[in-house]
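Report on the following structure.
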Amino acid sequence: MPEAMLEVSNICKTFGGVRASRNVSLSVPDGKITSLIGPNGAGKTTLFAQITGFLKPDSGSIRFLGEDITGASPEEIAERGMIRTFQVVKPFAGQTVRDNIAVGAHLRIRSRRGALAKAEEVAREVGLGNRLDQDASSLTVAGRKRLEVARALATEPKLILFDEVLAGLNPSEIRDVIPVIRAVKDRGITILLIEHVMQAVMSLSEYTWVLNQGGLIAEGVPKDVVSDPHVIEAYLGKGMAERIAAREKADV
Amino acid sequence: MPDLAIIIPSVLNGLTTGALYALVALGLTLIYGVLHIINFAHGALLMLGLYAVYYLNTRFGLDPYVCLLIVPPAMFALGYALQRGIIGRAGHGRDENILLVTLGLSIVIENLALFFFKSDTRIIDTPYSFEVVQIIGAFVPEPKVFAFIGAFVTAGLLWALMSFTDLGRAIRALAKERKGATLVGINADHVYAMSFGLGIACLGVAACLLLPSYYVSPQVGQGFVLIAFTIVVLGGMGSFVGALIGGLFIGVVEALSGLFLGESLGQIGIFAIFIVVLIFRPTGLLGHKV
Amino acid sequence: MRTLIILAAVFAALGLVPFFVVSDVWLNIAIMVLYSALLGQAWNMLGGYGGQFSFGHAAFFGTGAYTVAVLQVQYGINPWIGLFAGGLAAVVVAAIIGYSTFRYGLKGSYFALVTLAFAEVLRILSNSVPITGAGVGLLIPLQVAPSNLQFADKGSYYWLVWAMALCAFAAACWIGNSRFGAQLMAVRDNEDAARALGVRAYSVKLRAIMLSGFFSGLGGVFYAQYFLYLDPHIAYGASVSIESLLVPIIGGIGTLFGPLLGAVVLHAISEVSRDLIGDVPGISLVLYGALLVVMVLFLPRGLAGLLIRRKAAPQNRKKQEAEHA
Ligand SMILES: Nc1ncnc2c1ncn2[C@@H]1O[C@H](COP(=O)(O)OP(=O)(O)O)[C@@H](O)[C@H]1O
Ligand SMILES: [Mg+2]
């Protein structure tokens, strides 16, 4: 079996007393959409930050495309072809959508003209084609999420880590953005999603890991994982309990 | 290697000067700890306080220590007004803007002082200006001893105010978390302005304690800004104890490097500490505390 | 492309000024305007395009000025060589400051204060070592000859500072239309997002401070050759640092023409105030300080923000609310 595209081994990270990552290992296969789920504060974003060089793990190692990238800088990791997006979107406010995306395009394209052309092309792909000259800060939440996708895409990555790219969108916006993510995959780009929106995880990803209190508690095909009692207990526990309680009340 | 007979007076001199630095830094660290802003006009406001003491003394014959009843409250009012009227409105979400606006204020204040008070360096004459106290064989001017004690008393009063009064509790709550504090009914703008006023009142105290052993000129404050900020950084932003220790330390460093490197080069020691500390330990050597 | 044409037209017109302005007084004002615009544009490269506010640009200015002066006075080296040496020396100082601050992630007010501290260290050093003439200062002997970078007429000085400003503005124009500039502005607007997209933030900032330092150093060289006298206070004192940041803040930071606009406005104010109030010491500085307060309070985007698109204004407000929330 060839080595996975991204190989995370035994990552540990603590903040003061909080153990944000406990011995996390996962391997992201080439060419698929996989996902990472878990309740708020489970340590998903922190894991992404470590994988992409924004935080240094206390121990453990990360390999990308067969090479050790533990402790490499975010810039270097981006150059190698792994790009993350941010849960709290970070547009370059005051710059146009075109200029925002061009920053991503410049990773591979030196010329300004070339980067701007690339930005235009990518903007069309993600549905921002008619907003190119608009100030990025004037975009709606959904528009900003698309912008995050577009900037990442413009760097011509091999792997994109999306951090809750669907969070904060209404159902119809989610329906609009899901095909954009599919299209990214169809271009041959591997995707690892952090997601809260269960429906999206179920329909988009082929494999999922579940994180709780910093540690992995389950992994597998999404439909199996969501029926795993451990997951229900840890991740859906409260919601389930409430739902059951509600049903009982209704029965009375 | 100079012998102890030179070093001891020098260290004592450094400690007393350092206490004054600490006094100036106390106000800065209070403001930093609560508002998370750096008041670049701190030196210029100290200069105003010194002129206030100077004129109260020369025109009305008030003893500088009697001025403690007048100047700090006046400075408090000035600080409150400045924060509410100007500084509090200038941020626009960037801390550099505060630095710019307080820089602008300091330019205005210093040059107005130049206009009104002229560039002369002035000193006051008190009965005790030239009295000295003997400590471990060295002679220390009496006003410096008073200032040394005054710095500790002021730090103690500030600490008590922060710990035991409603205002102190409100300030601490606000320093920790603005949102929560406003939710429980704290008027943030008012409490911020009170904190700023208190910080500037510290300068009033410093001015009263400083003038008997020092001088005043329109530029006198300039030297204090970076020194006070060095102390704040060194002591941990927002920490009173840190400001005291940092002040004494800087005073001694300045005195000793002046002794070894000469008057003019000696100041480099402070800036070198400032640069190194800021670069490597932006939260200060003693950690962060409000 | 369009900005390049406008820039060329503006500087072509500015280049003609000595043909029309014969009065030395007015020509001197024109020289000082371009000189301020040069210093302001230098600051703008780092502060405006890069978002790193420096309070210590005197460190670069003074190094440029002292280099050309010391080389002439102490070593008899021609100031034309000194001109380039001055620029390069300023670049070296900028690299040292940039390395020691950006390497360790210093930003915002801390960066501003550390640059100020560096300038102060240099001021104290230049006040103490014999090579700079210490506190007495350094007088460049009067030897008027173009080969000595000293001119008999103000027109030639005008063209000297004009050429320097032209280079600075061309560099700023390039920043606005290049990969380097795009990356620099991305780092300014959100460093994490930029790094996630592969922008080498540290290196970009380091290059920006070096470029900025170079032009500030050229400003210092011009000052030395024009006034033929330097002392630690002139070279490394706060006034140059303040002028450098005030000019673009008035005109509009991060814009190409902001520093020119700011320089014109600043000198207009100081001339008018001199006419109205007379030559009172410090009065123009009072106005400068007040202007700084007013600009930051009411027009953080500068005069240029009034003239060109006002799009980002609501966003600023939103950001402010978010800050306070
Ligand atoms: N920089 C930090 N400093 C201290 N604690 C942190 C930091 N970042 C995250 N944490 C803590 O680590 C835990 C995991 O956070 P995070 O990775 O954001 O979770 P998730 O993305 O799964 O919601 C939380 O308890 C959070 O408070
Ligand atoms: Mg998260």
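The way I read the labels, and the way they are meant: chains A, B, ... in the order of the structure tokens, residue 1 as the first residue of every chain, and ligand 1 as the first ligand shown, with later ones counted on from there.
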
Give me, as an MDAnalysis selection string, the set of residues whose atoms come within 7 Å of any atom of ligand 2, counting only C-alpha atoms and all ligand atoms. chainID A and resid 40:41 43:45 87 163

Do a neighbour search on C:Gly262 at 9 Å with only C-alpha atoms, toss out local chain neighbours closer than 5 positions, and write the hits as a PyMOL selection string. chain C and resi 36-37+40+246-252+257+267+302-303

Do you know which residues are within 10 Å of ligand 1 using only C-alpha atoms and all ligand atoms? Can you write them as a PyMOL selection string? chain A and resi 13-21+36-50+55+87+163-164+194-196+211-214

Next, dump the selected residues to file, keeping only N, CA, C and O atoms, as a tab-separated table (two decimals), in the first residue's frame.
chain	number	residue	atom	x	y	z
A	13	LYS	N	-0.58	17.78	22.17
A	13	LYS	CA	-0.43	19.21	22.40
A	13	LYS	C	-1.23	19.61	23.62
A	13	LYS	O	-2.40	19.27	23.74
A	14	THR	N	-0.59	20.32	24.54
A	14	THR	CA	-1.35	20.84	25.69
A	14	THR	C	-1.19	22.34	25.77
A	14	THR	O	-0.14	22.90	25.44
A	15	PHE	N	-2.28	23.02	26.18
A	15	PHE	CA	-2.24	24.45	26.48
A	15	PHE	C	-2.45	24.57	27.97
A	15	PHE	O	-3.56	24.36	28.45
A	16	GLY	N	-1.42	24.96	28.68
A	16	GLY	CA	-1.57	25.01	30.13
A	16	GLY	C	-2.06	23.65	30.60
A	16	GLY	O	-1.38	22.66	30.43
A	17	GLY	N	-3.27	23.61	31.14
A	17	GLY	CA	-3.78	22.32	31.60
A	17	GLY	C	-4.61	21.59	30.55
A	17	GLY	O	-4.90	20.41	30.69
A	18	VAL	N	-4.99	22.31	29.49
A	18	VAL	CA	-5.90	21.72	28.51
A	18	VAL	C	-5.14	20.83	27.53
A	18	VAL	O	-4.19	21.26	26.90
A	19	ARG	N	-5.58	19.57	27.45
A	19	ARG	CA	-4.93	18.67	26.48
A	19	ARG	C	-5.72	18.75	25.17
A	19	ARG	O	-6.75	18.10	25.01
A	20	ALA	N	-5.22	19.55	24.25
A	20	ALA	CA	-5.96	19.83	23.02
A	20	ALA	C	-5.80	18.70	22.01
A	20	ALA	O	-6.68	18.46	21.20
A	21	SER	N	-4.65	18.03	22.03
A	21	SER	CA	-4.47	16.85	21.19
A	21	SER	C	-3.85	15.75	22.03
A	21	SER	O	-2.83	15.96	22.67
A	36	LEU	N	-13.18	15.39	9.61
A	36	LEU	CA	-12.85	15.32	11.03
A	36	LEU	C	-14.01	15.96	11.75
A	36	LEU	O	-14.33	17.12	11.48
A	37	ILE	N	-14.68	15.21	12.62
A	37	ILE	CA	-15.80	15.80	13.34
A	37	ILE	C	-15.57	15.68	14.84
A	37	ILE	O	-14.65	14.99	15.29
A	38	GLY	N	-16.39	16.36	15.58
A	38	GLY	CA	-16.25	16.32	17.03
A	38	GLY	C	-16.90	17.54	17.63
A	38	GLY	O	-17.05	18.56	16.95
A	39	PRO	N	-17.30	17.46	18.91
A	39	PRO	CA	-17.99	18.59	19.54
A	39	PRO	C	-17.08	19.81	19.63
A	39	PRO	O	-15.87	19.71	19.46
A	40	ASN	N	-17.68	20.93	19.90
A	40	ASN	CA	-16.93	22.17	20.08
A	40	ASN	C	-15.85	22.01	21.14
A	40	ASN	O	-16.10	21.44	22.19
A	41	GLY	N	-14.65	22.52	20.83
A	41	GLY	CA	-13.58	22.44	21.80
A	41	GLY	C	-12.89	21.09	21.81
A	41	GLY	O	-12.05	20.81	22.66
A	42	ALA	N	-13.22	20.22	20.85
A	42	ALA	CA	-12.62	18.89	20.81
A	42	ALA	C	-11.15	18.95	20.41
A	42	ALA	O	-10.40	18.01	20.67
A	43	GLY	N	-10.75	20.04	19.77
A	43	GLY	CA	-9.35	20.16	19.36
A	43	GLY	C	-9.15	20.02	17.86
A	43	GLY	O	-8.02	19.80	17.40
A	44	LYS	N	-10.21	20.19	17.10
A	44	LYS	CA	-10.11	20.04	15.65
A	44	LYS	C	-9.25	21.15	15.03
A	44	LYS	O	-8.31	20.89	14.28
A	45	THR	N	-9.61	22.37	15.36
A	45	THR	CA	-8.86	23.50	14.79
A	45	THR	C	-7.40	23.45	15.23
A	45	THR	O	-6.49	23.72	14.45
A	46	THR	N	-7.20	23.09	16.49
A	46	THR	CA	-5.83	22.99	16.99
A	46	THR	C	-5.03	21.95	16.20
A	46	THR	O	-3.86	22.15	15.89
A	47	LEU	N	-5.69	20.86	15.86
A	47	LEU	CA	-5.01	19.83	15.07
A	47	LEU	C	-4.64	20.37	13.68
A	47	LEU	O	-3.51	20.18	13.21
A	48	PHE	N	-5.57	21.07	13.07
A	48	PHE	CA	-5.28	21.69	11.77
A	48	PHE	C	-4.10	22.65	11.87
A	48	PHE	O	-3.23	22.68	11.01
A	49	ALA	N	-4.12	23.42	12.95
A	49	ALA	CA	-3.06	24.41	13.11
A	49	ALA	C	-1.69	23.73	13.23
A	49	ALA	O	-0.68	24.24	12.75
A	50	GLN	N	-1.68	22.56	13.87
A	50	GLN	CA	-0.41	21.85	13.99
A	50	GLN	C	0.01	21.23	12.67
A	50	GLN	O	1.19	21.25	12.30
A	55	LEU	N	1.00	25.90	14.70
A	55	LEU	CA	1.37	25.53	16.07
A	55	LEU	C	2.34	24.37	15.98
A	55	LEU	O	2.25	23.55	15.08
A	87	GLN	N	-11.58	28.83	10.20
A	87	GLN	CA	-12.95	28.76	10.71
A	87	GLN	C	-13.56	30.17	10.77
A	87	GLN	O	-14.66	30.40	10.31
A	163	ASP	N	-11.61	24.34	7.37
A	163	ASP	CA	-12.06	24.39	8.76
A	163	ASP	C	-13.46	25.01	8.81
A	163	ASP	O	-13.62	26.22	8.70
A	164	GLU	N	-14.46	24.15	8.96
A	164	GLU	CA	-15.87	24.57	9.08
A	164	GLU	C	-16.26	25.56	7.99
A	164	GLU	O	-16.77	26.64	8.28
A	194	ILE	N	-13.14	19.90	8.31
A	194	ILE	CA	-13.66	19.89	9.67
A	194	ILE	C	-15.09	20.34	9.51
A	194	ILE	O	-15.36	21.34	8.85
A	195	GLU	N	-16.02	19.60	10.05
A	195	GLU	CA	-17.40	20.01	9.82
A	195	GLU	C	-18.27	19.76	11.02
A	195	GLU	O	-18.08	18.83	11.78
A	196	HIS	N	-19.24	20.63	11.17
A	196	HIS	CA	-20.23	20.45	12.20
A	196	HIS	C	-21.54	19.99	11.57
A	196	HIS	O	-22.31	19.26	12.14
A	211	LEU	N	-13.16	13.24	16.88
A	211	LEU	CA	-12.27	13.73	17.93
A	211	LEU	C	-13.13	14.15	19.12
A	211	LEU	O	-14.18	14.77	18.95
A	212	ASN	N	-12.69	13.77	20.31
A	212	ASN	CA	-13.38	14.24	21.50
A	212	ASN	C	-12.36	14.50	22.59
A	212	ASN	O	-11.52	13.64	22.87
A	213	GLN	N	-12.43	15.68	23.19
A	213	GLN	CA	-11.47	16.08	24.22
A	213	GLN	C	-10.04	15.78	23.82
A	213	GLN	O	-9.24	15.26	24.60
A	214	GLY	N	-9.74	16.09	22.56
A	214	GLY	CA	-8.36	15.98	22.10
A	214	GLY	C	-7.97	14.62	21.55
A	214	GLY	O	-6.93	14.50	20.92

Could you please tell me, as JSON, numbers by chain, which residues of chain C have an atom within 6 Å of chain B when using only C-alpha atoms? {"C": [108, 109, 114, 117, 121, 282, 286, 289, 292, 293, 297, 320, 323]}

What are the residues of chain C lining chain A at 7 Å or less? Count only C-alpha atoms, and put the answer as a PDB file with C-alpha atoms, in the first residue's frame.
ATOM      1  CA  ASN C 177       1.449  46.468  -8.849  1.00  0.00           C
ATOM      2  CA  SER C 178       3.690  43.538  -8.100  1.00  0.00           C
ATOM      3  CA  ARG C 179       3.742  40.211  -6.384  1.00  0.00           C
ATOM      4  CA  ALA C 182       0.426  42.027  -3.087  1.00  0.00           C
ATOM      5  CA  GLN C 183       2.130  39.836  -0.516  1.00  0.00           C
ATOM      6  CA  ALA C 186      -1.756  40.656   2.419  1.00  0.00           C
ATOM      7  CA  ASP C 189      -4.320  42.919   6.266  1.00  0.00           C
ATOM      8  CA  ASN C 190      -4.056  39.485   7.817  1.00  0.00           C
ATOM      9  CA  ALA C 193      -4.214  34.247   6.215  1.00  0.00           C
ATOM     10  CA  ARG C 195       1.040  32.776   5.627  1.00  0.00           C
ATOM     11  CA  ALA C 196      -1.554  30.084   5.071  1.00  0.00           C
ATOM     12  CA  LEU C 197      -1.409  31.013   1.393  1.00  0.00           C
ATOM     13  CA  GLY C 198       2.335  30.590   1.327  1.00  0.00           C
ATOM     14  CA  VAL C 199       3.380  34.212   1.784  1.00  0.00           C
ATOM     15  CA  ARG C 200       6.732  34.330   3.572  1.00  0.00           C
ATOM     16  CA  ALA C 312     -14.172  50.667   3.226  1.00  0.00           C
ATOM     17  CA  GLN C 315     -16.282  48.144   7.230  1.00  0.00           C
TER      18      GLN C 315
END

Coordinates-based distance that separates atom CA of C:Tyr158 from atom CA of C:Leu34 (Å, one decimal):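 Atom CA of C:Leu34 sits 8.2 Å away from atom CA of C:Tyr158.
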
For C:Ala89, please output as a list of chain:residue names all residues within 8 Å (counting only C-alpha atoms; exclusion window: fewer than 5 positions along the same chain).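 Those residues are C:Thr63, C:Gly64, C:Thr67, C:Gly217.
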
Given the selection you just returned, output its residues as a file containing N, CA, C and O atoms, formatted as an mmCIF file, in the first residue's frame.
data_model
loop_
_atom_site.group_PDB
_atom_site.id
_atom_site.type_symbol
_atom_site.label_atom_id
_atom_site.label_comp_id
_atom_site.auth_asym_id
_atom_site.auth_seq_id
_atom_site.Cartn_x
_atom_site.Cartn_y
_atom_site.Cartn_z
ATOM 1 N N THR C 63 21.375 57.580 9.525
ATOM 2 C CA THR C 63 22.481 56.752 9.045
ATOM 3 C C THR C 63 22.893 57.176 7.637
ATOM 4 O O THR C 63 24.091 57.297 7.339
ATOM 5 N N GLY C 64 21.912 57.442 6.781
ATOM 6 C CA GLY C 64 22.231 57.928 5.444
ATOM 7 C C GLY C 64 22.986 59.250 5.507
ATOM 8 O O GLY C 64 24.010 59.440 4.846
ATOM 9 N N THR C 67 26.478 58.859 7.013
ATOM 10 C CA THR C 67 27.397 58.125 6.148
ATOM 11 C C THR C 67 28.010 59.064 5.115
ATOM 12 O O THR C 67 29.240 59.116 4.965
ATOM 13 N N GLY C 217 17.203 56.741 3.946
ATOM 14 C CA GLY C 217 18.632 57.038 3.948
ATOM 15 C C GLY C 217 18.977 58.053 2.859
ATOM 16 O O GLY C 217 19.773 58.975 3.089
#

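With only C-alpha atoms as the atoms that count, the minimum distance from C:Gly135 to the choices C:Leu206, C:Leu285, C:Leu230, C:Val25 is reached by C:Leu230.
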
Fewer than 4 positions away in the same chain doesn't count, so skip those; otherwise give me all residues within 8 Å of A:Glu173, counting only C-alpha atoms, as a ChimeraX atom specification. /A:142,169,177

Only N, CA, C and O atoms, please: the residues just picked out, written as a compact mmCIF listing (two decimals), in the first residue's frame.
# COMPACT_ATOMS: atom_id res chain seq x y z
N ALA A 142 -21.58 33.92 3.21
CA ALA A 142 -21.42 32.87 2.21
C ALA A 142 -20.36 33.28 1.17
O ALA A 142 -19.54 32.47 0.76
N LEU A 169 -23.67 29.09 7.56
CA LEU A 169 -24.46 29.26 6.33
C LEU A 169 -25.85 28.70 6.54
O LEU A 169 -26.05 27.75 7.30
N VAL A 177 -22.89 25.70 -1.76
CA VAL A 177 -21.43 25.60 -1.60
C VAL A 177 -20.96 24.15 -1.75
O VAL A 177 -19.85 23.91 -2.22
